[in-house]
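Engineer: Got a file for you: run.cif, mmCIF, C-alpha atoms.
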```
data_protein
loop_
_atom_site.label_atom_id
_atom_site.label_comp_id
_atom_site.auth_asym_id
_atom_site.auth_seq_id
_atom_site.Cartn_x
_atom_site.Cartn_y
_atom_site.Cartn_z
CA MET S 123 75.75 164.26 90.17
CA ASN S 124 78.91 164.28 88.08
CA ILE S 125 78.27 162.13 85.01
CA ARG S 126 81.99 161.36 84.68
CA LYS S 127 81.80 159.50 87.99
CA LEU S 128 78.84 157.46 86.82
CA VAL S 129 80.55 156.21 83.65
CA PRO S 130 83.35 154.27 85.43
CA LEU S 131 80.78 152.82 87.82
CA TYR S 132 78.59 151.75 84.90
CA LEU S 133 81.53 150.18 83.11
CA MET S 134 82.60 148.41 86.29
CA ALA S 135 79.08 147.04 86.76
CA ILE S 136 79.25 145.57 83.26
CA ALA S 137 82.78 144.25 83.59
CA TRP S 138 82.64 142.93 87.16
CA PRO S 139 80.68 139.71 86.49
CA VAL S 140 83.11 138.79 83.72
CA PHE S 141 86.11 139.64 85.91
CA ALA S 142 84.71 137.79 88.91
CA ASN S 143 83.89 134.75 86.82
CA CYS S 144 87.40 134.80 85.39
CA GLN S 145 88.95 135.06 88.84
CA SER S 146 86.69 132.27 90.12
CA HIS S 147 87.73 130.10 87.18
CA LYS S 148 91.39 130.81 87.90
CA ALA S 149 90.93 129.96 91.57
CA SER S 150 89.09 126.79 90.65
CA LYS S 151 91.83 125.74 88.26
CA LYS S 152 94.45 126.50 90.89
CA MET S 153 92.58 124.36 93.44
CA GLN S 154 92.08 121.50 91.01
CA GLY S 155 95.66 121.66 89.79
CA ARG S 156 97.12 120.88 93.18
CA GLY S 157 96.46 117.16 92.93
CA ALA S 158 97.14 114.21 90.67
CA VAL S 159 93.50 114.38 89.56
CA VAL S 160 94.64 117.04 87.10
CA SER S 161 98.38 116.49 86.72
CA GLY S 162 98.20 112.71 86.45
CA LYS S 163 101.53 112.64 88.30
CA TYR S 164 102.00 110.45 91.37
CA PRO S 165 105.11 110.73 93.53
CA ASN S 166 107.39 107.69 93.70
CA LEU S 167 108.95 108.26 97.08
CA LEU S 168 110.67 104.88 96.99
CA ASN S 169 112.53 105.93 93.87
CA GLU S 170 113.38 109.30 95.44
CA ALA S 171 114.82 107.37 98.38
CA GLY S 172 117.29 105.74 95.99
CA TYR S 173 115.64 102.42 95.16
CA THR S 174 115.61 101.42 91.49
CA LYS S 175 112.46 100.93 89.44
CA ALA S 176 113.26 97.24 89.04
CA ASP S 177 113.70 96.78 92.80
CA ILE S 178 110.50 98.73 93.53
CA ASP S 179 108.47 96.70 91.05
CA SER S 180 109.91 93.53 92.55
CA LYS S 181 109.09 94.68 96.09
CA VAL S 182 105.45 95.42 95.22
CA ALA S 183 105.12 92.17 93.24
CA LYS S 184 106.49 90.12 96.14
CA ALA S 185 104.16 91.81 98.62
CA TYR S 186 101.23 91.03 96.34
CA HIS S 187 102.43 87.44 95.91
CA ASP S 188 102.77 86.93 99.66
CA VAL S 189 99.25 88.18 100.38
CA PHE S 190 97.40 86.73 97.38
CA GLU S 191 99.38 83.72 96.18
CA GLY S 192 102.00 82.53 98.68
CA PRO S 193 101.82 79.82 101.35
CA ASP S 194 100.41 82.32 103.87
CA LYS S 195 97.97 83.95 101.45
CA VAL S 196 94.63 85.39 102.52
CA TYR S 197 93.04 85.13 99.04
CA PHE S 198 91.26 81.87 98.21
CA GLU S 199 89.64 80.94 94.92
CA VAL S 200 86.27 79.15 94.87
CA GLY S 201 85.39 77.18 91.76
CA ASP S 202 85.95 78.70 88.33
CA SER S 203 84.70 82.21 88.92
CA MET S 204 84.76 83.30 92.57
CA ALA S 205 87.21 84.05 95.38
CA TYR S 206 87.32 85.66 98.81
CA VAL S 207 89.80 87.41 101.10
CA SER S 208 89.88 86.08 104.65
CA ASP S 209 90.95 87.49 107.98
CA VAL S 210 92.50 84.11 108.64
CA LYS S 211 93.33 84.73 112.30
CA ASN S 212 89.68 85.61 113.02
CA HIS S 213 88.33 82.87 110.75
CA ASP S 214 86.03 85.08 108.70
CA ALA S 215 85.74 87.02 105.47
CA ARG S 216 84.67 90.61 105.93
CA THR S 217 83.71 93.46 103.64
CA GLU S 218 86.82 95.33 104.77
CA GLY S 219 89.22 92.75 103.33
CA LEU S 220 87.07 91.86 100.33
CA SER S 221 86.85 95.48 99.24
CA TYR S 222 90.57 96.01 99.93
CA GLY S 223 91.34 93.01 97.76
CA MET S 224 89.27 94.50 94.96
CA MET S 225 91.04 97.85 95.28
CA ILE S 226 94.46 96.20 95.06
CA ALA S 227 93.29 94.18 92.05
CA VAL S 228 91.96 97.15 90.11
CA GLN S 229 95.05 99.23 90.90
CA LEU S 230 97.39 96.45 89.71
CA ASN S 231 95.18 95.61 86.69
CA LYS S 232 94.28 92.11 87.87
CA LYS S 233 90.79 91.83 86.42
CA ASP S 234 90.21 88.15 87.12
CA VAL S 235 91.00 88.61 90.82
CA PHE S 236 88.71 91.65 91.02
CA ASP S 237 85.83 89.90 89.26
CA ARG S 238 86.14 86.77 91.38
CA ILE S 239 86.00 88.70 94.67
CA TRP S 240 83.09 90.82 93.48
CA ARG S 241 81.04 87.79 92.37
CA TRP S 242 81.63 86.06 95.73
CA SER S 243 80.81 89.20 97.72
CA LYS S 244 77.63 89.84 95.75
CA LYS S 245 76.46 86.23 95.97
CA PHE S 246 77.12 85.57 99.63
CA LEU S 247 77.07 88.95 101.39
CA GLN S 248 74.95 91.45 99.47
CA HIS S 249 71.31 91.75 100.57
CA GLN S 250 69.01 91.45 97.58
CA ASP S 251 65.77 92.53 99.23
CA GLY S 252 64.32 94.02 102.38
CA PRO S 253 65.37 97.22 104.19
CA ARG S 254 69.05 96.33 103.77
CA GLU S 255 68.80 95.76 100.00
CA GLY S 256 72.06 96.66 98.25
CA TYR S 257 74.08 96.63 101.48
CA PHE S 258 76.41 93.84 102.59
CA ALA S 259 76.57 91.66 105.68
CA TRP S 260 79.94 92.65 107.03
CA SER S 261 81.23 89.23 108.17
CA ILE S 262 80.80 85.59 107.20
CA ASN S 263 82.44 82.28 108.05
CA PRO S 264 83.81 81.15 104.67
CA VAL S 265 83.80 77.49 105.73
CA THR S 266 80.26 77.14 107.06
CA MET S 267 79.00 80.10 104.96
CA LYS S 268 77.07 81.31 107.99
CA ARG S 269 76.91 85.09 108.27
CA ASN S 270 78.27 86.37 111.57
CA SER S 271 76.15 89.48 111.17
CA GLU S 272 73.48 90.69 108.79
CA GLY S 273 74.43 94.30 109.42
CA SER S 274 76.89 96.42 107.47
CA ALA S 275 80.12 98.18 108.35
CA SER S 276 79.95 101.42 106.38
CA ASP S 277 83.55 101.34 105.15
CA GLY S 278 82.79 98.18 103.17
CA GLU S 279 80.15 99.91 101.05
CA LEU S 280 82.39 102.98 100.73
CA TYR S 281 85.18 100.87 99.26
CA PHE S 282 82.94 98.65 97.12
CA VAL S 283 81.43 101.67 95.34
CA THR S 284 84.85 103.23 94.72
CA ASP S 285 86.32 99.90 93.58
CA LEU S 286 83.52 99.43 91.06
CA LEU S 287 83.77 102.98 89.70
CA PHE S 288 87.50 102.49 89.18
CA ALA S 289 86.87 99.14 87.49
CA ALA S 290 84.38 100.79 85.14
CA ASN S 291 86.99 103.42 84.27
CA ARG S 292 89.77 100.87 83.78
CA TRP S 293 88.03 97.99 82.01
CA GLY S 294 84.72 99.36 80.77
CA ASN S 295 81.35 97.75 81.42
CA ASN S 296 81.12 95.25 78.58
CA THR S 297 83.61 92.62 79.71
CA GLY S 298 81.34 90.42 81.81
CA ILE S 299 80.35 92.74 84.67
CA ASN S 300 78.68 96.13 84.38
CA TYR S 301 80.77 97.69 87.13
CA TYR S 302 79.15 101.10 86.87
CA ALA S 303 75.65 99.64 87.17
CA GLU S 304 76.73 97.68 90.26
CA ALA S 305 78.19 100.82 91.87
CA ARG S 306 75.08 102.83 91.04
CA ARG S 307 72.83 100.14 92.48
CA ILE S 308 74.55 100.40 95.85
CA LEU S 309 74.40 104.20 95.77
CA ASP S 310 70.84 104.48 94.48
CA LEU S 311 69.60 102.06 97.13
CA MET S 312 71.62 103.92 99.77
CA TRP S 313 69.76 107.12 98.90
CA LYS S 314 66.42 105.33 99.42
CA LYS S 315 67.25 104.31 103.00
CA ASP S 316 65.00 106.45 105.18
CA GLY S 317 65.16 104.67 108.52
CA THR S 318 62.66 101.97 107.58
CA GLY S 319 63.59 98.86 109.52
CA ASN S 320 66.09 101.07 111.40
CA ILE S 321 68.35 101.09 108.30
CA HIS S 322 69.86 104.35 107.06
CA SER S 323 72.30 105.66 104.50
CA ILE S 324 75.93 104.83 105.21
CA ILE S 325 76.37 108.62 105.27
CA ASN S 326 74.63 110.49 108.04
CA MET S 327 72.64 112.93 105.93
CA GLU S 328 72.51 115.68 108.54
CA SER S 329 76.21 115.72 109.40
CA LYS S 330 77.38 114.63 105.92
CA GLN S 331 79.73 112.15 107.56
CA ILE S 332 80.07 108.39 107.22
CA SER S 333 78.39 106.42 109.97
CA PHE S 334 80.01 103.63 111.93
CA VAL S 335 77.15 101.39 110.81
CA PRO S 336 74.03 102.46 108.90
CA GLU S 337 71.77 100.98 111.55
CA GLY S 338 70.33 102.14 114.85
CA LYS S 339 72.55 104.28 117.08
CA GLY S 340 75.59 103.41 114.95
CA TYR S 341 74.23 105.90 112.40
CA GLU S 342 75.00 108.73 114.87
CA TRP S 343 78.78 108.37 115.24
CA THR S 344 81.79 107.36 113.19
CA ASP S 345 85.18 105.73 112.89
CA PRO S 346 87.83 108.24 111.76
CA SER S 347 89.47 105.63 109.55
CA TYR S 348 86.23 105.47 107.53
CA ASP S 349 86.53 109.17 106.64
CA LEU S 350 88.14 109.13 103.20
CA PRO S 351 87.62 112.51 101.52
CA ALA S 352 89.36 111.27 98.37
CA PHE S 353 86.68 108.63 97.80
CA TYR S 354 83.85 111.17 98.02
CA GLU S 355 85.66 113.26 95.43
CA VAL S 356 85.80 110.16 93.20
CA TRP S 357 82.04 109.70 93.62
CA ALA S 358 81.49 113.34 92.67
CA LEU S 359 83.51 112.79 89.50
CA TYR S 360 82.25 109.40 88.33
CA ALA S 361 79.02 108.29 90.06
CA LYS S 362 76.97 110.73 87.96
CA ASP S 363 73.91 110.20 90.13
CA GLY S 364 72.98 113.84 90.60
CA HIS S 365 74.49 114.12 94.09
CA GLU S 366 77.85 115.56 93.07
CA GLN S 367 77.74 118.60 95.33
CA PHE S 368 76.67 116.51 98.31
CA TYR S 369 79.69 114.24 97.84
CA ARG S 370 82.02 117.24 97.58
CA ASP S 371 80.49 118.60 100.76
CA CYS S 372 81.13 115.23 102.42
CA ALA S 373 84.77 115.41 101.32
CA ASP S 374 85.19 118.87 102.80
CA THR S 375 83.40 117.82 105.99
CA ALA S 376 85.67 114.78 106.33
CA ARG S 377 88.74 116.99 106.05
CA VAL S 378 87.51 119.35 108.76
CA PHE S 379 86.49 116.38 110.92
CA LEU S 380 90.01 114.92 110.70
CA HIS S 381 91.40 118.26 111.93
CA ARG S 382 89.32 117.81 115.07
CA ALA S 383 89.76 114.06 115.51
CA CYS S 384 93.58 114.05 115.32
CA ASP S 385 95.34 115.22 118.47
CA PRO S 386 96.96 118.65 117.91
CA VAL S 387 100.24 117.50 119.49
CA THR S 388 100.64 113.78 118.73
CA GLY S 389 98.51 113.56 115.59
CA LEU S 390 96.91 110.39 116.99
CA ASN S 391 93.18 109.79 116.49
CA PRO S 392 90.74 107.60 118.45
CA ASP S 393 89.41 104.46 116.84
CA ASN S 394 85.83 105.70 117.36
CA SER S 395 84.50 109.22 117.69
CA GLU S 396 81.49 111.45 117.65
CA PHE S 397 80.88 113.45 114.48
CA SER S 398 82.39 116.39 116.35
CA GLY S 399 85.72 114.56 116.55
CA LYS S 400 85.33 113.95 120.28
CA PRO S 401 86.53 110.43 121.24
CA ARG S 402 83.72 107.97 121.85
CA THR S 403 83.70 105.30 124.52
CA TRP S 404 82.32 102.01 123.26
CA GLY S 405 81.10 99.79 126.06
CA GLN S 406 83.92 99.35 128.59
CA MET S 407 86.60 100.10 126.02
CA LYS S 408 87.93 103.63 126.34
CA PRO S 409 88.80 105.36 123.06
CA ALA S 410 92.41 105.09 121.94
CA PHE S 411 94.63 104.90 118.87
CA ARG S 412 94.31 101.23 117.88
CA PHE S 413 94.11 98.98 114.82
CA ASP S 414 91.48 100.93 112.84
CA SER S 415 93.33 104.14 113.60
CA TRP S 416 96.44 102.97 111.76
CA ARG S 417 94.68 103.62 108.45
CA VAL S 418 94.23 107.34 108.99
CA PRO S 419 97.77 108.49 108.02
CA MET S 420 97.51 106.51 104.78
CA ASN S 421 94.02 107.87 104.04
CA ILE S 422 95.11 111.46 104.57
CA ALA S 423 98.17 110.92 102.37
CA MET S 424 95.93 109.60 99.59
CA ASP S 425 93.76 112.73 99.71
CA TYR S 426 96.91 114.88 99.75
CA VAL S 427 98.31 113.26 96.61
CA TRP S 428 95.08 112.89 94.66
CA PHE S 429 93.35 116.20 95.35
CA GLY S 430 95.68 118.44 97.37
CA LYS S 431 92.89 120.61 98.79
CA ASP S 432 94.14 120.66 102.39
CA LYS S 433 97.89 120.58 101.96
CA MET S 434 99.01 122.93 104.73
CA TRP S 435 97.16 121.08 107.48
CA GLN S 436 98.05 117.68 106.03
CA GLN S 437 101.75 118.51 105.94
CA ALA S 438 101.64 119.70 109.55
CA TYR S 439 99.70 116.58 110.55
CA ALA S 440 102.29 114.29 108.96
CA LYS S 441 105.06 116.02 110.89
CA ARG S 442 103.14 115.69 114.16
CA ILE S 443 102.37 112.00 113.93
CA GLN S 444 105.81 111.06 112.62
CA ASN S 445 107.55 113.17 115.27
CA PHE S 446 105.49 111.44 117.94
CA LEU S 447 106.30 107.96 116.65
CA ARG S 448 109.95 108.95 116.25
CA SER S 449 109.98 109.97 119.91
CA LYS S 450 108.96 106.40 120.79
CA GLY S 451 111.77 104.92 118.70
CA ILE S 452 111.41 104.79 114.93
CA ASN S 453 112.16 101.05 114.93
CA ASP S 454 110.35 100.26 118.18
CA PHE S 455 107.12 102.28 118.57
CA ASP S 456 104.10 100.37 119.88
CA ASP S 457 100.85 99.99 117.95
CA GLN S 458 98.33 101.27 120.53
CA PHE S 459 98.30 104.57 122.44
CA ASN S 460 95.96 106.96 124.14
CA THR S 461 95.57 109.91 121.81
CA ASP S 462 97.78 112.03 124.07
CA GLY S 463 100.57 109.51 123.51
CA THR S 464 100.44 107.74 126.85
CA ALA S 465 100.13 103.96 127.18
CA PRO S 466 96.51 102.71 127.00
CA GLU S 467 94.85 101.24 130.06
CA PHE S 468 93.24 98.61 127.87
CA VAL S 469 95.13 96.73 125.14
CA LEU S 470 92.82 95.50 122.39
CA PRO S 471 93.60 91.88 121.47
CA ALA S 472 94.27 90.84 117.88
CA GLY S 473 93.41 87.28 116.91
CA GLY S 474 93.08 86.43 120.59
CA VAL S 475 96.55 87.80 121.37
CA LYS S 476 96.64 90.73 123.79
CA LYS S 477 100.00 92.42 123.39
CA LEU S 478 101.56 95.69 122.28
CA ARG S 479 104.04 95.23 119.46
CA HIS S 480 105.85 97.10 116.68
CA SER S 481 103.27 96.17 114.05
CA LEU S 482 103.98 96.10 110.34
CA GLY S 483 100.58 97.64 109.59
CA LEU S 484 101.44 100.84 111.47
CA VAL S 485 105.03 100.80 110.18
CA ALA S 486 103.48 100.79 106.70
CA THR S 487 100.87 103.50 107.12
CA SER S 488 103.19 105.82 109.04
CA ALA S 489 105.59 105.48 106.11
CA ALA S 490 102.78 106.42 103.70
CA ALA S 491 102.47 109.68 105.65
CA SER S 492 105.93 110.55 104.28
CA LEU S 493 104.20 111.55 101.04
CA MET S 494 103.18 114.70 102.92
CA ILE S 495 106.64 115.48 104.35
CA THR S 496 108.49 118.23 102.50
CA ASP S 497 111.83 118.40 104.31
CA ASN S 498 114.85 116.09 104.44
CA THR S 499 113.18 113.76 106.97
CA LYS S 500 110.83 112.41 104.30
CA PHE S 501 112.71 109.12 104.02
CA ASP S 502 113.07 108.40 107.74
CA PHE S 503 110.00 106.15 107.85
CA VAL S 504 110.28 104.92 104.27
CA ARG S 505 113.56 103.06 104.78
CA PRO S 506 112.35 100.99 107.76
CA LEU S 507 109.32 99.96 105.71
CA TRP S 508 111.57 98.93 102.82
CA SER S 509 113.54 96.73 105.21
CA ALA S 510 110.44 95.25 106.88
CA ARG S 511 109.13 91.80 106.04
CA LEU S 512 105.67 90.27 106.12
CA GLU S 513 106.58 87.38 108.36
CA PRO S 514 105.88 86.06 111.88
CA TYR S 515 106.97 88.23 114.80
CA PRO S 516 109.58 86.88 117.24
CA ASP S 517 106.77 85.51 119.45
CA SER S 518 105.33 83.65 116.39
CA TYR S 519 102.27 85.92 116.10
CA PHE S 520 101.51 86.49 112.40
CA ASP S 521 98.90 88.62 110.64
CA PRO S 522 99.13 88.28 106.86
CA TYR S 523 95.63 89.78 106.56
CA TYR S 524 95.57 93.23 108.18
CA ASP S 525 99.33 93.77 108.35
CA GLY S 526 99.60 92.32 104.85
CA LEU S 527 96.92 94.41 103.19
CA LEU S 528 98.15 97.67 104.76
CA TYR S 529 101.70 96.72 103.74
CA VAL S 530 100.62 96.26 100.11
CA PHE S 531 98.56 99.46 100.14
CA SER S 532 101.41 101.54 101.54
CA LEU S 533 104.01 100.19 99.12
CA MET S 534 101.60 101.02 96.30
CA HIS S 535 101.11 104.57 97.59
CA LEU S 536 104.83 105.16 98.05
CA SER S 537 105.67 103.83 94.58
CA GLY S 538 102.97 105.84 92.80
CA LYS S 539 101.01 102.68 91.94
CA TYR S 540 97.89 103.57 93.96
CA GLN S 541 96.12 106.01 91.68
CA LEU S 542 92.84 107.77 91.00
CA ILE S 543 91.82 105.67 88.00
CA GLN S 544 90.31 107.90 85.36
CA PRO S 545 88.32 106.71 82.31
CA GLN S 546 90.48 105.13 79.64
CA THR S 547 90.84 107.12 76.44
CA ILE S 548 91.53 105.67 73.01
#
```
Now that the file is in, can you turn its structure into structure tokens?
Structural biologist:
Amino acid sequence: MNIRKLVPLYLMAIAWPVFANCQSHKASKKMQGRGAVVSGKYPNLLNEAGYTKADIDSKVAKAYHDVFEGPDKVYFEVGDSMAYVSDVKNHDARTEGLSYGMMIAVQLNKKDVFDRIWRWSKKFLQHQDGPREGYFAWSINPVTMKRNSEGSASDGELYFVTDLLFAANRWGNNTGINYYAEARRILDLMWKKDGTGNIHSIINMESKQISFVPEGKGYEWTDPSYDLPAFYEVWALYAKDGHEQFYRDCADTARVFLHRACDPVTGLNPDNSEFSGKPRTWGQMKPAFRFDSWRVPMNIAMDYVWFGKDKMWQQAYAKRIQNFLRSKGINDFDDQFNTDGTAPEFVLPAGGVKKLRHSLGLVATSAAASLMITDNTKFDFVRPLWSARLEPYPDSYFDPYYDGLLYVFSLMHLSGKYQLIQPQTI
């Protein structure tokens, strides 16, 4: 054998691991660098649309005031140290709204509001023993203080953990509440759920997807609006519980799941689905794009801005769903559809009112999808949101809770005020 041929092969064998590691490092940096997690830069689409910083700050402040402080507020203080957020039209407080209130508070640096909601949620909704220990009853009547259910809705725990990790990063853990310890307690107890008492992890361990509820058959399917890949990435960064790769896998699985769950033409997703993305019928209610579904465009936009790991699909998705809604009239589109875009056979009531309408919640989240639009149509949905008001509809129906919270969230996203909160540095 020619020795001169062996020498280059020998040198390549020595050099290849170094080269491959270098290339892998470059690829990793390139992947990481696509999102605000590395750049620290968040788009302010409202400013790009021509609105001034002062007007934007005023718009966000007013939205917060209307939801948390105004005459139609959904935030209510209890005594000197607690508070809750109520779905006033349904006469309950639920982990959805409580955890949303905490997220808004930590994003806007309102520590007292955050701490009050957390104390109330922990005291009145968190199970302190038994198979459900660490989890939260998802709904309670805040007047009678009777729980409407002992079971959990998995999105509540998902948000609570993320809220607390962000609070730990923003305020530290020595200011009255050890936020990190509270987040870890939920997670550590989640990992101990093994089906005893029919209670499981909020994440289906086999599919690596969030369950609709961590109990019984609800552990075996999901709600697409619960699939927030960005939050799993946050857990991988800051939970530090030894399950970092699992959480990253969950984030990747959630992204692939959303590809399957969102219609390839309309972009619409069902409110409930199998882990495969196939729509799931629940009782007599056929699957359709309804209230929970509204959150999906906003959730995907958040992942796009924060981590940017699925940009090509996310950009195409934003075009699909906005083009569909545009085809229904950008100032008139209804709030419930079959996923193929046709009118649903069954209209899900809201607060006892059964009616299709042009709902502020969907106006808001469809505008948040504009963060993923790269052409000159990016402001088409932003301007109607800017002009919208959180106020009663012409028929007097009013939803300051769900419409209001999604309105605040979307304004925060579009103004760059909804951020991945990293640890404070001195």
Engineer: Do you know which residues the PyMOL selection byres ((chain S and resi 542) around 9) returns on this file, as a VMD selection string?
Structural biologist: chain S and resid 158 to 159 162 229 288 352 356 428 540 to 541 543 to 544
Engineer: Find the residues near Lys441 of chain S: any atom within 12 Å, counting only C-alpha atoms, skip ones fewer than 5 places away on the same chain, and give them as a list of chain:residue names.
Structural biologist: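 The filter keeps S:Pro386, S:Val387, S:Thr388, S:Gly389, S:Leu390, S:Pro419, S:Met434, S:Trp435, S:Gln436, S:Phe446, S:Leu447, S:Arg448, S:Ser449, S:Ser488, S:Ala489, S:Ala491, S:Ser492, S:Leu493, S:Met494, S:Ile495, S:Thr496, S:Asp497, S:Asn498, S:Thr499, S:Lys500, S:Asp502, S:Phe503.
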Engineer: Apply the PyMOL selection byres ((chain S and resi 375) around 12) to the file shown and report the selected residues as number ranges by chain.
Structural biologist: S: 325-332, 349-352, 354-355, 368-374, 376-382, 397-399, 432
Engineer: Quick check, in Å to one decimal: how far apart do atom CA of Lys400 of chain S and atom CA of Glu218 of chain S lie?
Structural biologist: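 Value for the atom CA of Lys400 of chain S-atom CA of Glu218 of chain S distance: 24.3 Å.
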Engineer: Mind running segment 253-307 of chain S against segment 221-228 of chain S at 6 Å and telling me each contacting residue's nearest atom pair with the distance in Å (one decimal), counting all atoms listed in the file, chain and number ascending, as a Markdown table?
Structural biologist:
```
| residue | atom | partner | partner_atom | distance |
| --- | --- | --- | --- | --- |
| S:Tyr281 | CA | S:Ser221 | CA | 5.6 |
| S:Phe282 | CA | S:Ser221 | CA | 5.5 |
| S:Asp285 | CA | S:Met225 | CA | 5.4 |
```
Engineer: Care to translate the PyMOL selection byres ((chain S and resi 293) around 12) into actual residues of this file, as a compact mmCIF listing (two decimals) with C-alpha atoms, in the frame of the given file?
Structural biologist:
```
# COMPACT_ATOMS: atom_id res chain seq x y z
CA ALA S 227 93.29 94.18 92.05
CA VAL S 228 91.96 97.15 90.11
CA GLN S 229 95.05 99.23 90.90
CA ASN S 231 95.18 95.61 86.69
CA LYS S 232 94.28 92.11 87.87
CA LYS S 233 90.79 91.83 86.42
CA ASP S 234 90.21 88.15 87.12
CA PHE S 236 88.71 91.65 91.02
CA ASP S 237 85.83 89.90 89.26
CA ASP S 285 86.32 99.90 93.58
CA LEU S 286 83.52 99.43 91.06
CA LEU S 287 83.77 102.98 89.70
CA PHE S 288 87.50 102.49 89.18
CA ALA S 289 86.87 99.14 87.49
CA ALA S 290 84.38 100.79 85.14
CA ASN S 291 86.99 103.42 84.27
CA ARG S 292 89.77 100.87 83.78
CA GLY S 294 84.72 99.36 80.77
CA ASN S 295 81.35 97.75 81.42
CA ASN S 296 81.12 95.25 78.58
CA THR S 297 83.61 92.62 79.71
CA GLY S 298 81.34 90.42 81.81
CA ILE S 299 80.35 92.74 84.67
CA ASN S 300 78.68 96.13 84.38
CA TYR S 301 80.77 97.69 87.13
CA TYR S 302 79.15 101.10 86.87
CA ILE S 543 91.82 105.67 88.00
CA GLN S 544 90.31 107.90 85.36
CA PRO S 545 88.32 106.71 82.31
CA GLN S 546 90.48 105.13 79.64
CA THR S 547 90.84 107.12 76.44
```
Engineer: Distance atom CA of Gly319 of chain S-atom CA of Ser261 of chain S, one decimal place?
Structural biologist: 20.1 Å
Engineer: Quick one: everything within 12 Å of Lys211 of chain S, counting all atoms listed in the file, minus sequence neighbours fewer than 2 positions away in the same chain. Send it as a ChimeraX atom specification.
Structural biologist: /S:194-196,208-209,213-215,263,471-475,519-525
Engineer: Could you pull out every residue with an atom within 8 Å of (107.9, 97.2, 100.0), file coordinates, counting only C-alpha atoms, and send them as an NGL selection string?
Structural biologist: :S and (178 or 181-182 or 185 or 507-510 or 529-530 or 532-533)
Engineer: In terms of the shortest atom-to-atom distance over all atoms listed in the file, which of S:His535, S:Lys268, S:Lys476, S:Lys450 is closest to Val504 of chain S?
Structural biologist: S:His535
Engineer: Could you work out how far atom CA of Pro409 of chain S lies from atom CA of Asn460 of chain S, giving the answer in Å with one decimal?
Structural biologist: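 It comes out at 7.4 Å.
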Engineer: Rank nothing, just name the residue among S:Asn445, S:Ala440, S:Ile422, S:Phe413 nearest to Val469 of chain S, using all atoms listed in the file.
Structural biologist: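 Of S:Asn445, S:Ala440, S:Ile422, S:Phe413, the one nearest Val469 of chain S, counting all atoms listed in the file, is S:Phe413.
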Engineer: Which is closest to Ser333 of chain S among S:Glu191, S:Asp454, S:Asp310, S:Asp277, if we use only C-alpha atoms?
Structural biologist: S:Asp277
Engineer: Show me, as lines of an AutoDock Vina configuration file, the centre and edge lengths in Å to one decimal of the axis-aligned box that covers every listed atom of segment 259-269 of chain S with 3 Å on each side.
Structural biologist:
```
center_x = 80.2
center_y = 84.9
center_z = 106.5
size_x = 13.2
size_y = 21.5
size_z = 9.6
```
Engineer: Give me, as JSON, numbers by chain, all polymer residues having an atom no more than 7 Å from Pro346 of chain S, counting all atoms listed in the file and skipping those fewer than 4 positions away in the same chain.
Structural biologist: {"S": [393, 394, 395]}
Engineer: Need the shell around Gly340 of chain S: protein/DNA/RNA residues with any atom at most 10 Å away, counting all atoms listed in the file. Skip same-chain ones fewer than 6 positions apart. Format as JSON, numbers by chain?
Structural biologist: {"S": [275, 276, 322, 324, 326, 333, 334]}
Engineer: For segment 183-192 of chain S in the structure I just supplied, write out N, CA and C atoms - as a PDB file, in the first residue's frame.
Structural biologist:
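File produced: out.pdb:
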```pdb
ATOM      1  N   ALA S 183     -50.387  50.502  28.684  1.00  0.00           N
ATOM      2  CA  ALA S 183     -50.764  50.885  30.049  1.00  0.00           C
ATOM      3  C   ALA S 183     -52.273  50.946  30.206  1.00  0.00           C
ATOM      4  N   LYS S 184     -52.969  51.467  29.201  1.00  0.00           N
ATOM      5  CA  LYS S 184     -54.429  51.545  29.281  1.00  0.00           C
ATOM      6  C   LYS S 184     -55.053  50.149  29.254  1.00  0.00           C
ATOM      7  N   ALA S 185     -54.513  49.282  28.397  1.00  0.00           N
ATOM      8  CA  ALA S 185     -55.035  47.918  28.341  1.00  0.00           C
ATOM      9  C   ALA S 185     -54.853  47.234  29.689  1.00  0.00           C
ATOM     10  N   TYR S 186     -53.692  47.411  30.291  1.00  0.00           N
ATOM     11  CA  TYR S 186     -53.452  46.838  31.617  1.00  0.00           C
ATOM     12  C   TYR S 186     -54.431  47.434  32.633  1.00  0.00           C
ATOM     13  N   HIS S 187     -54.589  48.745  32.602  1.00  0.00           N
ATOM     14  CA  HIS S 187     -55.504  49.413  33.531  1.00  0.00           C
ATOM     15  C   HIS S 187     -56.923  48.867  33.389  1.00  0.00           C
ATOM     16  N   ASP S 188     -57.380  48.725  32.154  1.00  0.00           N
ATOM     17  CA  ASP S 188     -58.748  48.263  31.928  1.00  0.00           C
ATOM     18  C   ASP S 188     -58.976  46.869  32.498  1.00  0.00           C
ATOM     19  N   VAL S 189     -57.989  45.992  32.365  1.00  0.00           N
ATOM     20  CA  VAL S 189     -58.142  44.604  32.790  1.00  0.00           C
ATOM     21  C   VAL S 189     -57.881  44.419  34.285  1.00  0.00           C
ATOM     22  N   PHE S 190     -56.950  45.194  34.841  1.00  0.00           N
ATOM     23  CA  PHE S 190     -56.532  44.977  36.227  1.00  0.00           C
ATOM     24  C   PHE S 190     -57.017  46.036  37.218  1.00  0.00           C
ATOM     25  N   GLU S 191     -57.416  47.207  36.730  1.00  0.00           N
ATOM     26  CA  GLU S 191     -57.712  48.289  37.658  1.00  0.00           C
ATOM     27  C   GLU S 191     -59.024  49.039  37.395  1.00  0.00           C
ATOM     28  N   GLY S 192     -59.519  48.993  36.175  1.00  0.00           N
ATOM     29  CA  GLY S 192     -60.672  49.800  35.781  1.00  0.00           C
ATOM     30  C   GLY S 192     -61.990  49.283  36.323  1.00  0.00           C
TER      31      GLY S 192
END
```
